[in-house]
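Quick look at protein-v9.txt (compact mmCIF, C-alpha atoms and all ligand atoms):
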# COMPACT_ATOMS: atom_id res chain seq x y z
CA MET H 7 64.75 112.29 169.58
CA GLU H 8 61.06 112.11 170.44
CA TRP H 9 58.44 114.55 171.40
CA ALA H 10 54.94 115.01 172.68
CA GLU H 11 52.50 117.84 172.38
CA SER H 12 50.03 119.26 174.88
CA ARG H 13 48.24 122.53 175.48
CA GLN H 14 47.51 124.83 178.36
CA GLY H 15 45.34 127.79 177.43
CA SER H 16 47.01 129.61 174.54
CA THR H 17 50.36 127.92 175.29
CA LEU H 18 51.55 124.97 173.24
CA ILE H 19 53.90 122.72 175.20
CA LEU H 20 56.34 120.61 173.23
CA ALA H 21 58.08 118.03 175.42
CA VAL H 22 61.29 117.01 173.68
CA SER H 23 63.41 114.05 174.73
CA GLY H 24 66.61 112.35 173.66
CA ARG H 25 69.65 113.90 172.03
CA LEU H 26 69.48 117.00 169.83
CA ASP H 27 72.51 116.57 167.63
CA ILE H 28 73.47 116.34 163.97
CA GLU H 29 71.50 113.08 163.66
CA SER H 30 68.23 114.51 164.92
CA ALA H 31 68.59 118.20 164.00
CA ASN H 32 66.66 118.06 160.73
CA ALA H 33 63.74 116.17 162.23
CA PHE H 34 63.73 118.58 165.18
CA ARG H 35 63.74 121.56 162.83
CA ASP H 36 60.87 120.26 160.68
CA ALA H 37 58.76 119.39 163.68
CA LEU H 38 59.42 122.68 165.43
CA MET H 39 58.94 124.96 162.41
CA SER H 40 55.58 123.49 161.55
CA ARG H 41 54.36 124.48 165.02
CA LEU H 42 55.58 128.07 164.97
CA GLY H 43 53.06 129.27 162.44
CA GLY H 44 51.46 131.75 164.78
CA ALA H 45 48.37 129.76 165.77
CA ASP H 46 49.63 129.62 169.36
CA ALA H 47 50.65 132.84 171.10
CA ARG H 48 53.28 131.05 173.17
CA VAL H 49 55.31 127.89 172.71
CA VAL H 50 57.22 126.33 175.60
CA LEU H 51 59.81 123.70 174.85
CA ASP H 52 59.91 121.27 177.76
CA PHE H 53 63.54 120.17 177.69
CA SER H 54 63.45 118.04 180.81
CA GLY H 55 63.93 114.94 178.67
CA VAL H 56 66.76 116.36 176.54
CA GLU H 57 70.02 114.67 177.46
CA TYR H 58 72.35 116.58 175.16
CA ILE H 59 72.25 119.39 172.62
CA SER H 60 75.00 119.99 170.05
CA SER H 61 75.64 123.09 167.96
CA ALA H 62 73.35 121.60 165.28
CA GLY H 63 70.51 121.51 167.81
CA LEU H 64 71.31 125.04 169.00
CA ARG H 65 71.27 126.23 165.42
CA VAL H 66 67.75 124.88 164.98
CA LEU H 67 66.73 126.84 168.07
CA MET H 68 68.25 129.99 166.61
CA ILE H 69 66.30 129.52 163.35
CA ALA H 70 63.19 128.77 165.39
CA SER H 71 63.58 131.94 167.43
CA LYS H 72 63.70 134.02 164.23
CA GLN H 73 60.64 132.23 162.86
CA ALA H 74 58.82 132.73 166.18
CA ARG H 75 59.65 136.43 166.14
CA THR H 76 58.32 136.81 162.59
CA ALA H 77 55.15 134.95 163.52
CA GLY H 78 54.72 136.90 166.77
CA VAL H 79 55.06 133.77 168.92
CA ALA H 80 56.79 133.89 172.33
CA LEU H 81 59.20 130.96 172.56
CA ALA H 82 60.52 129.76 175.92
CA ILE H 83 62.51 126.78 177.18
CA ALA H 84 61.85 124.96 180.42
CA GLY H 85 63.36 122.29 182.63
CA MET H 86 66.85 121.94 181.17
CA GLN H 87 69.00 119.23 182.71
CA PRO H 88 72.27 120.57 184.25
CA LEU H 89 74.43 119.48 181.29
CA VAL H 90 72.12 121.14 178.75
CA ALA H 91 71.84 124.26 180.92
CA GLU H 92 75.63 124.48 181.00
CA ILE H 93 75.83 124.14 177.20
CA PHE H 94 73.33 127.01 177.00
CA GLN H 95 75.50 129.11 179.29
CA ILE H 96 78.72 128.36 177.43
CA SER H 97 77.11 129.11 174.07
CA ARG H 98 75.35 132.18 175.60
CA PHE H 99 72.03 130.86 174.38
CA ASP H 100 70.76 131.53 177.90
CA THR H 101 70.82 135.22 176.98
CA LEU H 102 68.76 134.66 173.83
CA PHE H 103 65.86 132.67 175.27
CA ALA H 104 63.61 132.96 178.26
CA CYS H 105 64.79 129.90 180.24
CA HIS H 106 62.74 128.55 183.15
CA PRO H 107 63.95 126.00 185.69
CA THR H 108 60.76 123.94 185.44
CA LEU H 109 57.74 123.64 183.18
CA GLU H 110 55.49 124.82 186.01
CA GLN H 111 57.55 127.98 186.39
CA ALA H 112 57.45 128.53 182.62
CA LEU H 113 53.67 128.32 182.71
CA THR H 114 53.40 130.71 185.66
CA GLY H 115 55.95 133.09 184.15
CA GLN H 116 58.82 132.67 186.65
CA THR H 117 62.21 133.00 185.08
CA HIS H 118 65.55 131.44 185.79
CA ALA H 119 67.21 132.91 188.86
CA THR H 120 70.87 133.79 188.56
CA SER H 121 73.23 131.64 190.57
CA GLN H 122 75.93 134.31 190.59
CA PRO H 123 76.41 136.19 193.83
CA ALA H 124 75.81 139.93 193.87
CA ARG H 125 79.11 141.68 193.26
CA SER H 126 78.88 145.32 192.45
CA GLY H 127 76.84 148.35 193.32
CA LEU H 128 74.72 147.76 190.24
CA ASP H 129 73.86 144.28 191.52
CA GLN H 130 72.79 145.73 194.84
CA GLU H 131 71.07 148.81 193.45
CA GLY H 132 67.85 149.49 195.32
CA ALA H 133 69.23 148.27 198.65
CA SER H 134 70.34 151.81 199.55
CA ASP H 135 69.82 155.39 198.43
CA ALA H 136 73.27 155.58 196.82
CA ILE H 137 73.48 155.75 193.06
CA ALA H 138 75.88 153.16 191.62
CA VAL H 139 77.81 154.57 188.66
CA LYS H 140 79.82 152.26 186.43
CA PHE H 141 82.09 153.38 183.61
CA TRP H 142 82.05 150.92 180.69
CA GLY H 143 83.89 153.12 178.21
CA THR H 144 85.85 156.30 178.93
CA ARG H 145 87.95 156.95 175.81
CA GLY H 146 87.12 159.81 173.43
CA SER H 147 86.77 159.71 169.66
CA LEU H 148 88.04 156.16 169.07
CA PRO H 149 88.62 153.04 171.18
CA ALA H 150 92.29 152.86 172.15
CA PRO H 151 93.37 149.44 173.44
CA LEU H 152 96.53 149.06 175.47
CA GLY H 153 99.42 148.14 173.15
CA VAL H 154 101.88 145.31 173.72
CA GLN H 155 104.79 147.68 174.34
CA GLN H 156 102.79 149.54 176.99
CA LEU H 157 101.79 146.23 178.55
CA ARG H 158 105.41 145.09 178.69
CA GLY H 159 106.38 148.40 180.27
CA LYS H 160 103.84 147.81 183.04
CA LEU H 161 104.99 144.21 183.55
CA ALA H 162 108.61 145.33 183.79
CA SER H 163 107.73 148.05 186.33
CA ALA H 164 105.75 145.54 188.38
CA LEU H 165 108.64 143.08 188.41
CA VAL H 166 111.03 145.76 189.62
CA ALA H 167 108.56 146.82 192.31
CA GLY H 168 108.27 143.20 193.44
CA ALA H 169 112.00 142.44 193.41
CA GLY H 170 113.09 140.64 196.55
CA LEU H 171 109.53 139.81 197.62
CA ASN H 172 108.59 136.20 197.89
CA LEU H 173 105.76 136.21 195.31
CA ASP H 174 105.77 132.49 194.62
CA THR H 175 102.00 131.88 194.51
CA LEU H 176 99.28 133.45 192.37
CA GLU H 177 97.46 134.59 195.54
CA LYS H 178 100.51 136.47 196.81
CA ALA H 179 101.18 137.94 193.36
CA ARG H 180 97.55 139.03 193.00
CA SER H 181 97.44 140.82 196.30
CA PHE H 182 100.77 142.51 195.45
CA VAL H 183 99.34 143.65 192.08
CA GLU H 184 96.24 145.07 193.83
CA GLY H 185 98.52 147.43 195.72
CA LEU H 186 100.49 148.70 192.73
CA PRO H 187 100.00 152.32 191.63
CA PHE H 188 97.34 152.64 188.93
CA ARG H 189 99.80 153.54 186.18
CA VAL H 190 101.46 150.14 186.69
CA GLY H 191 98.60 147.91 187.84
CA GLY H 192 95.80 149.51 185.81
CA THR H 193 94.98 151.27 182.58
CA TYR H 194 92.61 154.02 181.50
CA GLY H 195 89.89 153.61 178.98
CA GLY H 196 90.13 151.39 175.95
CA ASN H 197 86.45 151.62 174.99
CA SER H 198 84.60 154.70 173.84
CA SER H 199 81.88 156.41 175.92
CA CYS H 200 79.35 154.39 177.86
CA VAL H 201 78.36 154.92 181.51
CA GLU H 202 75.73 153.14 183.56
CA LEU H 203 73.66 154.69 186.36
CA GLY H 204 72.11 152.29 188.83
CA ALA H 205 68.36 151.86 188.56
CA ARG H 206 65.76 149.82 190.39
CA GLY H 207 63.84 146.73 189.40
CA ASN H 208 64.42 145.75 185.80
CA ASP H 209 65.30 149.29 184.67
CA ILE H 210 68.77 149.73 183.16
CA VAL H 211 70.05 153.29 182.58
CA LEU H 212 72.93 153.86 180.17
CA LEU H 213 74.55 157.05 178.92
CA ASP H 214 75.80 156.81 175.34
CA MET H 215 76.44 153.73 173.24
CA GLY H 216 80.18 153.85 172.58
CA SER H 217 82.11 150.59 172.27
CA GLY H 218 81.82 150.14 176.07
CA ALA H 219 78.13 149.33 175.49
CA ARG H 220 79.08 145.82 174.37
CA LEU H 221 80.16 144.84 177.91
CA ALA H 222 77.34 146.86 179.48
CA GLY H 223 74.84 144.81 177.46
CA HIS H 224 76.33 141.48 178.54
CA ASP H 225 76.36 142.53 182.18
CA ALA H 226 72.77 143.79 182.07
CA LEU H 227 71.56 140.48 180.60
CA ARG H 228 73.47 138.59 183.28
CA ARG H 229 71.72 140.64 185.99
CA LEU H 230 68.31 140.29 184.32
CA ALA H 231 68.83 136.51 184.24
CA GLY H 232 66.29 135.85 181.51
CA GLN H 233 63.75 138.45 182.58
CA PRO H 234 62.66 141.25 180.26
CA GLY H 235 64.52 144.50 180.95
CA GLU H 236 63.52 148.13 180.47
CA PHE H 237 66.57 149.83 178.99
CA HIS H 238 66.78 153.64 179.05
CA ILE H 239 69.62 155.00 176.94
CA PHE H 240 70.45 158.71 177.01
CA MET H 241 72.45 159.99 174.06
CA SER H 242 74.73 163.02 174.39
CA HIS H 243 74.91 163.21 170.60
CA LEU H 244 75.25 161.04 167.53
CA HIS H 245 78.94 161.10 166.69
CA TRP H 246 80.25 157.70 165.76
CA ASP H 247 82.23 157.10 168.95
CA HIS H 248 78.97 157.45 170.92
CA ILE H 249 76.81 155.09 168.83
CA MET H 250 79.34 152.49 167.59
CA GLY H 251 78.62 150.03 170.40
CA PHE H 252 74.94 149.65 169.61
CA PRO H 253 75.29 147.00 166.85
CA PHE H 254 77.18 144.91 169.46
CA PHE H 255 74.72 145.59 172.27
CA VAL H 256 73.21 142.11 172.65
CA PRO H 257 69.97 143.19 174.42
CA ALA H 258 68.97 144.81 171.11
CA TYR H 259 68.85 141.34 169.57
CA VAL H 260 66.80 139.69 172.30
CA PRO H 261 63.03 139.49 171.83
CA GLY H 262 61.17 140.68 174.89
CA GLN H 263 63.73 143.35 175.82
CA HIS H 264 62.44 146.92 175.69
CA ILE H 265 64.91 149.63 174.72
CA ARG H 266 64.12 153.34 174.80
CA ILE H 267 66.72 155.62 173.28
CA TYR H 268 66.45 159.26 174.37
CA GLY H 269 68.17 162.26 172.87
CA CYS H 270 67.58 165.82 171.77
CA HIS H 271 68.63 165.46 168.13
CA ASP H 272 65.77 165.11 165.68
CA ARG H 273 67.87 162.69 163.61
CA LEU H 274 68.35 160.34 166.58
CA GLU H 275 66.69 157.34 164.96
CA HIS H 276 68.25 158.01 161.57
CA ALA H 277 71.77 157.86 163.02
CA PHE H 278 71.19 154.48 164.68
CA ARG H 279 69.54 152.95 161.63
CA ARG H 280 72.11 154.30 159.20
CA GLN H 281 75.12 152.78 160.92
CA GLN H 282 73.59 149.33 160.39
CA ASP H 283 72.82 149.94 156.70
CA GLU H 284 74.60 148.04 154.00
CA PRO H 285 77.56 147.94 153.41
CA SER H 286 78.58 149.12 156.92
CA PHE H 287 77.12 146.28 158.98
CA PRO H 288 75.78 142.78 158.21
CA VAL H 289 72.62 142.99 160.34
CA ASP H 290 70.08 145.59 159.32
CA PHE H 291 68.49 147.57 162.16
CA SER H 292 65.06 146.22 161.20
CA LYS H 293 66.25 142.68 162.06
CA LEU H 294 66.87 143.50 165.73
CA GLY H 295 64.62 141.46 167.99
CA ALA H 296 64.06 143.87 170.89
CA ASN H 297 61.30 146.42 171.01
CA ILE H 298 63.24 149.64 170.31
CA GLU H 299 61.78 153.13 170.65
CA PHE H 300 63.32 156.53 169.99
CA ILE H 301 62.22 159.44 172.15
CA VAL H 302 63.26 162.99 171.33
CA LEU H 303 63.52 165.11 174.48
CA GLU H 304 63.27 168.86 174.81
CA PRO H 305 66.34 170.50 176.33
CA GLU H 306 65.88 172.43 179.61
CA ARG H 307 62.73 170.45 180.42
CA SER H 308 62.55 168.11 183.37
CA TYR H 309 61.42 164.52 182.79
CA GLU H 310 60.86 161.65 185.17
CA ILE H 311 62.47 158.53 183.73
CA ALA H 312 63.50 155.29 185.45
CA GLY H 313 63.28 156.88 188.90
CA TYR H 314 65.39 159.93 187.96
CA GLN H 315 64.53 163.56 187.33
CA VAL H 316 66.38 164.16 184.07
CA MET H 317 67.16 167.40 182.30
CA ALA H 318 69.22 167.96 179.16
CA ARG H 319 71.16 171.07 178.21
CA LEU H 320 72.59 172.14 174.86
CA GLN H 321 76.42 172.13 174.64
CA LEU H 322 78.81 173.61 172.13
CA HIS H 323 80.06 170.80 169.89
CA GLY H 324 80.09 169.99 166.18
CA GLY H 325 76.47 169.18 165.31
CA ASP H 326 75.49 170.00 168.94
CA SER H 327 75.69 167.79 171.99
CA TYR H 328 73.65 167.67 175.20
CA GLY H 329 74.67 167.34 178.82
CA TYR H 330 72.32 165.63 181.29
CA ARG H 331 71.57 166.23 184.94
CA PHE H 332 70.15 163.22 186.79
CA GLU H 333 68.63 163.62 190.25
CA ARG H 334 67.36 160.91 192.59
CA ASP H 335 66.86 160.85 196.37
CA GLY H 336 68.70 164.15 196.77
CA LYS H 337 71.74 162.89 194.78
CA VAL H 338 72.87 164.52 191.54
CA VAL H 339 74.96 163.03 188.73
CA VAL H 340 75.85 165.17 185.69
CA TYR H 341 76.99 163.67 182.40
CA SER H 342 78.61 166.37 180.28
CA THR H 343 80.79 165.05 177.52
CA ASP H 344 81.82 166.35 174.12
CA ALA H 345 81.43 170.00 175.02
CA GLU H 346 83.63 172.97 174.31
CA HIS H 347 83.52 175.78 176.80
CA LYS H 348 84.16 179.46 176.34
CA PRO H 349 85.29 180.43 179.84
CA GLU H 350 85.44 184.05 178.77
CA GLN H 351 81.71 184.10 177.99
CA ALA H 352 79.74 184.72 181.18
CA GLU H 353 76.50 183.32 179.84
CA ASP H 354 78.11 180.03 178.83
CA VAL H 355 79.67 179.70 182.26
CA ARG H 356 76.41 180.52 184.06
CA GLY H 357 74.49 177.87 182.15
CA PHE H 358 76.96 175.13 183.05
CA VAL H 359 77.27 176.24 186.65
CA ASP H 360 73.49 175.78 186.84
CA LEU H 361 73.72 172.34 185.23
CA PHE H 362 76.48 171.25 187.64
CA ARG H 363 74.96 172.96 190.73
CA ASP H 364 75.72 170.98 193.92
CA ALA H 365 76.31 167.82 191.90
CA ASP H 366 77.67 164.79 193.74
CA LEU H 367 79.45 163.72 190.57
CA VAL H 368 80.23 165.54 187.31
CA ILE H 369 81.42 163.36 184.42
CA PHE H 370 83.27 165.86 182.28
CA ASP H 371 84.92 165.94 178.85
CA ALA H 372 88.54 166.68 179.74
CA MET H 373 90.06 165.55 176.51
CA TYR H 374 92.75 168.19 176.28
CA SER H 375 94.97 170.37 178.38
CA LEU H 376 93.72 173.96 178.60
CA ALA H 377 96.57 175.10 176.34
CA ASP H 378 95.55 172.66 173.64
CA SER H 379 91.86 173.42 173.98
CA VAL H 380 92.32 177.15 173.52
CA SER H 381 95.07 177.07 170.90
CA ILE H 382 95.62 174.40 168.26
CA ARG H 383 92.44 172.56 169.16
CA GLU H 384 90.16 175.53 169.62
CA ASP H 385 86.74 174.85 168.09
CA TRP H 386 87.38 171.10 168.06
CA GLY H 387 84.46 170.78 170.41
CA HIS H 388 86.15 169.52 173.56
CA SER H 389 87.23 170.83 176.94
CA SER H 390 90.04 170.57 179.44
CA ASN H 391 90.78 169.50 183.01
CA VAL H 392 91.23 173.15 184.03
CA VAL H 393 87.78 174.26 182.86
CA GLY H 394 86.28 171.20 184.53
CA VAL H 395 87.79 172.22 187.87
CA GLU H 396 86.64 175.82 187.54
CA LEU H 397 83.06 175.01 186.60
CA CYS H 398 82.77 172.41 189.37
CA GLN H 399 84.20 174.81 191.96
CA GLN H 400 81.77 177.55 190.98
CA ALA H 401 78.88 175.09 191.03
CA GLY H 402 79.82 173.61 194.42
CA ALA H 403 80.13 170.12 192.92
CA LYS H 404 81.69 167.43 195.11
CA ARG H 405 83.39 165.09 192.68
CA LEU H 406 84.76 165.51 189.16
CA ALA H 407 85.47 162.54 186.88
CA LEU H 408 87.71 163.42 183.93
CA PHE H 409 86.28 161.56 180.95
CA HIS H 410 86.49 161.14 177.14
CA HIS H 411 90.27 160.73 177.22
CA GLU H 412 92.21 161.69 174.11
CA PRO H 413 93.27 158.47 172.23
CA VAL H 414 96.82 159.83 171.86
CA ASN H 415 97.21 160.09 175.64
CA ASP H 416 98.75 157.07 177.32
CA ASP H 417 98.19 156.25 180.98
CA ALA H 418 101.04 158.51 182.10
CA ALA H 419 99.63 161.48 180.16
CA ILE H 420 96.12 160.96 181.63
CA ASP H 421 97.64 160.61 185.10
CA ARG H 422 99.44 163.90 184.52
CA LEU H 423 96.21 165.70 183.51
CA CYS H 424 94.54 164.30 186.60
CA HIS H 425 97.36 165.34 188.96
CA GLU H 426 97.46 168.81 187.41
CA ALA H 427 93.72 169.16 187.95
CA GLN H 428 94.09 168.02 191.58
CA ARG H 429 96.89 170.53 192.15
CA LEU H 430 94.88 173.34 190.54
CA GLU H 431 91.95 172.49 192.81
CA GLU H 432 94.21 172.59 195.84
CA ILE H 433 95.66 176.00 195.10
CA THR H 434 92.36 177.59 194.03
CA ARG H 435 90.07 175.96 196.61
CA MET H 436 87.42 178.37 197.86
CA GLY H 437 85.14 176.21 199.95
CA GLU H 438 84.72 172.45 200.21
CA ARG H 439 87.28 170.20 198.60
CA LEU H 440 86.44 168.99 195.11
CA GLU H 441 87.53 165.38 194.66
CA ILE H 442 89.03 164.74 191.22
CA LEU H 443 89.65 161.43 189.49
CA ALA H 444 90.24 160.19 185.97
CA ALA H 445 87.57 157.68 184.93
CA TYR H 446 88.68 154.33 183.58
CA ASP H 447 86.85 151.37 182.06
CA GLY H 448 85.50 149.26 184.90
CA LEU H 449 85.53 152.03 187.53
CA GLU H 450 82.56 151.83 189.89
CA LEU H 451 81.51 154.64 192.19
CA ASP H 452 78.75 154.79 194.77
CA ILE H 453 77.28 158.26 194.81
ZN ZN O 501 83.07 161.79 171.56
ZN ZN O 502 81.48 164.29 169.49
Any chance you could give the structure as structure tokens?
Ligand SMILES: [Zn+2]
Ligand SMILES: [Zn+2]
Amino acid sequence: MEWAESRQGSTLILAVSGRLDIESANAFRDALMSRLGGADARVVLDFSGVEYISSAGLRVLMIASKQARTAGVALAIAGMQPLVAEIFQISRFDTLFACHPTLEQALTGQTHATSQPARSGLDQEGASDAIAVKFWGTRGSLPAPLGVQQLRGKLASALVAGAGLNLDTLEKARSFVEGLPFRVGGTYGGNSSCVELGARGNDIVLLDMGSGARLAGHDALRRLAGQPGEFHIFMSHLHWDHIMGFPFFVPAYVPGQHIRIYGCHDRLEHAFRRQQDEPSFPVDFSKLGANIEFIVLEPERSYEIAGYQVMARLQLHGGDSYGYRFERDGKVVVYSTDAEHKPEQAEDVRGFVDLFRDADLVIFDAMYSLADSVSIREDWGHSSNVVGVELCQQAGAKRLALFHHEPVNDDAAIDRLCHEAQRLEEITRMGERLEILAAYDGLELDI
């Protein structure tokens, strides 16, 4: 391994060449560390001459990035050869560093462009007025992965459904599986609450940080492709199932990412910091690399954030929760989870009808059946499919997504709650049809 040093303005350029492996790692570390003392505001590693990097070399980069962060130095990598770039992708180091295709682009601030084609509504957000909504986690209280017995049940049902068909290639089998009913070919939420609303530019809008936030974070970094993102996270409340994904939300670890966490609880910051305290988690909150801010919002007040008009409303739940109404370009999305309703109290009903008024989509805590929610589970802080239908009908909402599914409920039970809600809507319809669906992890809607 060899290297050469040059300077452009306040940027130090270190051109590295050769192999960065176990043989050269120590020399690379010593040379690099001595130059990350903070004298230069920015250090660019010109990797155009690096032929190979092993885990030992990557480890040095990881140590260097921590040192750079402590010293307040921006560290970037430029000009990786295809093999090295692929090692970065496989090791996910491309999400940890600002990577530029060439040194020139590093010096002019252009970042690596993603080679992946646009796939979802979130990728194409900004191209139309529709709001892309993606559900990353839809389970209530605790993540509930599909069990092996349930999986085998689905496989067996699929085999019976395909009996006699000539499914002798993966392509044929895949297209057959696409057409299976959801209870056989799909599954409802495994992860706890996290929903993404499409936003423009480098804004990312997320609702709650349940375990679904882990995948949301990876996907956001993929779309940002090395650029700094502006994350806006709205918290319904601070129960564990709504914050547990944050320690696994990779953008929080990436220097240069800006994360704003909004909520109405005055202990918002405390809850996030505490879950990463010893002995609950190995990485203390203070070690996170992103710039993280906490912003306490006032309920019933309208804010303009990330292109949306946002308003929060107090909900009945242990320790309080808040529902949010998001408006953009005449479209309305309401996120109302972890809320118990008292349908017999006119004032409670009026408040929610206002929150849901003419919404294009209402994401609603329908954890229980009505019978459960008003009997054995009264005062447990959750609602039912029936109340969801009634409130949406009164508010003139167009679509209702049942959300925060009870961990005990398997796919058949959630299907049943959904069908019952659809039937209730049909027999009590007063005006326009209300479309009802049960949200699942991975569901994408264009609103
Ligand atoms: Zn919850
Ligand atoms: Zn809760």
Q) Interatomic distance between atom CA of Arg280 of chain H and atom CA of Gly146 of chain H? A) 21.4 Å
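Candidate residues H:Asp360, H:Glu438, H:Asp100, H:Glu346 were compared for distance to ligand ZN 502 (chain O), and the nearest is H:Glu346, using only C-alpha atoms and all ligand atoms.
In this comparison, which uses only C-alpha atoms, the residue of H:Gln351, H:Ser199, H:Ser23, H:Thr76 approaching Phe409 of chain H most closely is H:Ser199.
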Q: May I ask which of the residues H:Asn391, H:Ser292, H:Ser147, H:Gln321 is the closest one to ligand ZN 502 (chain O), counting all atoms listed in the file?
A: H:Ser147
Q: Around ligand ZN 502 (chain O), at most 12 Å away and counting all atoms listed in the file, which residues are there? Put them as a ChimeraX atom specification, please.
A: /H:145-148,198-199,214,216,241-249,321-329,342-346,371,373,385-389,410,412
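Nearest to Glu426 of chain H of all the residues H:Cys105, H:Ala372, H:Ala62, H:Ala401 is H:Ala372, based on only C-alpha atoms.
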Q. What does the distance between atom CA of Leu406 of chain H and atom CA of Lys348 of chain H come to in Å, to one decimal place?
A. 19.0 Å
How big is the axis-aligned box around the listed atoms of segment 234-246 of chain H once 6 Å is added on each side, and where is its centre? Give both in Å to one decimal, as JSON.
{"center_x": 71.5, "center_y": 152.2, "center_z": 173.4, "size_x": 29.6, "size_y": 34.0, "size_z": 27.2}
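Proximity ranking of H:Val190, H:Ile267, H:Ala419, H:Leu367 relative to Lys160 of chain H places H:Val190 first, based on only C-alpha atoms.
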Mind checking which residues fall within 12 Å of segment 180-187 of chain H, counting all atoms listed in the file, ignoring those fewer than 2 positions away in the same chain, and posting them as a PDB file with C-alpha atoms, in the frame of the given file?
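Wrote it out as around-v6.pdb, contents follow:
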ATOM      1  CA  LYS H 160     103.840 147.810 183.040  1.00  0.00           C
ATOM      2  CA  LEU H 161     104.990 144.210 183.550  1.00  0.00           C
ATOM      3  CA  SER H 163     107.730 148.050 186.330  1.00  0.00           C
ATOM      4  CA  ALA H 164     105.750 145.540 188.380  1.00  0.00           C
ATOM      5  CA  LEU H 165     108.640 143.080 188.410  1.00  0.00           C
ATOM      6  CA  VAL H 166     111.030 145.760 189.620  1.00  0.00           C
ATOM      7  CA  ALA H 167     108.560 146.820 192.310  1.00  0.00           C
ATOM      8  CA  GLY H 168     108.270 143.200 193.440  1.00  0.00           C
ATOM      9  CA  ALA H 169     112.000 142.440 193.410  1.00  0.00           C
ATOM     10  CA  LEU H 171     109.530 139.810 197.620  1.00  0.00           C
ATOM     11  CA  ASN H 172     108.590 136.200 197.890  1.00  0.00           C
ATOM     12  CA  LEU H 173     105.760 136.210 195.310  1.00  0.00           C
ATOM     13  CA  ASP H 174     105.770 132.490 194.620  1.00  0.00           C
ATOM     14  CA  THR H 175     102.000 131.880 194.510  1.00  0.00           C
ATOM     15  CA  LEU H 176      99.280 133.450 192.370  1.00  0.00           C
ATOM     16  CA  GLU H 177      97.460 134.590 195.540  1.00  0.00           C
ATOM     17  CA  LYS H 178     100.510 136.470 196.810  1.00  0.00           C
ATOM     18  CA  ARG H 189      99.800 153.540 186.180  1.00  0.00           C
ATOM     19  CA  VAL H 190     101.460 150.140 186.690  1.00  0.00           C
ATOM     20  CA  GLY H 191      98.600 147.910 187.840  1.00  0.00           C
ATOM     21  CA  GLY H 192      95.800 149.510 185.810  1.00  0.00           C
ATOM     22  CA  THR H 193      94.980 151.270 182.580  1.00  0.00           C
ATOM     23  CA  ASP H 417      98.190 156.250 180.980  1.00  0.00           C
ATOM     24  CA  ALA H 418     101.040 158.510 182.100  1.00  0.00           C
ATOM     25  CA  ASP H 421      97.640 160.610 185.100  1.00  0.00           C
TER      26      ASP H 421
END
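Our summary of the geometry notes that atom CA of Gly55 of chain H is positioned 8.0 Å from atom CA of Met86 of chain H.
Counting only C-alpha atoms and comparing H:Leu102, H:Leu213, H:Leu274, H:Cys398, the residue that lies closest to Thr144 of chain H is H:Leu213.
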Q: May I have the residues within 12 Å of Leu230 of chain H as a PyMOL selection string, using only C-alpha atoms and disregarding those fewer than 3 positions away in the same chain?
A: chain H and resi 100-102+104-105+117-122+128-129+206-210+223-227+233-237+257+262-263
Determine, counting all atoms listed in the file, which protein, DNA and RNA residues have an atom within 8 Å of an atom of Asp366 of chain H; residues of the same chain fewer than 2 positions away are not included. Present the result as a PDB file with C-alpha atoms, in the coordinates of the input.
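Heads up, here's the output in selection_16.pdb:
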ATOM      1  CA  LYS H 337      71.740 162.890 194.780  1.00  0.00           C
ATOM      2  CA  VAL H 338      72.870 164.520 191.540  1.00  0.00           C
ATOM      3  CA  VAL H 339      74.960 163.030 188.730  1.00  0.00           C
ATOM      4  CA  ASP H 364      75.720 170.980 193.920  1.00  0.00           C
ATOM      5  CA  VAL H 368      80.230 165.540 187.310  1.00  0.00           C
ATOM      6  CA  ALA H 403      80.130 170.120 192.920  1.00  0.00           C
ATOM      7  CA  LYS H 404      81.690 167.430 195.110  1.00  0.00           C
ATOM      8  CA  ARG H 405      83.390 165.090 192.680  1.00  0.00           C
ATOM      9  CA  ILE H 453      77.280 158.260 194.810  1.00  0.00           C
TER      10      ILE H 453
END
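For Leu449 of chain H, the residues within 9 Å (counting only C-alpha atoms, excluding itself and residues fewer than 4 positions away along the chain) are H:Val139, H:Lys140, H:Phe141, H:Trp142, H:Ala445.
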Q: For Asp27 of chain H, work out the shell of residues within 12 Å, counting all atoms listed in the file and skipping chain neighbours fewer than 2 positions away, then give it as a ChimeraX atom specification.
A: /H:7,23-25,29-35,56-67
For segment 339-344 of chain H, where the input has fewer atoms than it should, I would like N, CA and C atoms rebuilt and written as a CSV table (one decimal), in the frame of the given file.
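Saved file out-v2.csv follows:
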chain,number,residue,atom,x,y,z
H,339,VAL,N,73.9,163.4,189.6
H,339,VAL,CA,75.0,163.0,188.7
H,339,VAL,C,74.8,163.8,187.4
H,340,VAL,N,75.9,164.4,187.0
H,340,VAL,CA,75.8,165.2,185.7
H,340,VAL,C,76.7,164.5,184.7
H,341,TYR,N,76.2,164.3,183.5
H,341,TYR,CA,77.0,163.7,182.4
H,341,TYR,C,77.2,164.7,181.3
H,342,SER,N,78.4,165.2,181.2
H,342,SER,CA,78.6,166.4,180.3
H,342,SER,C,79.9,166.1,179.5
H,343,THR,N,79.6,165.4,178.4
H,343,THR,CA,80.8,165.0,177.5
H,343,THR,C,80.7,165.7,176.1
H,344,ASP,N,81.8,165.8,175.4
H,344,ASP,CA,81.8,166.4,174.1
H,344,ASP,C,81.2,167.8,174.1
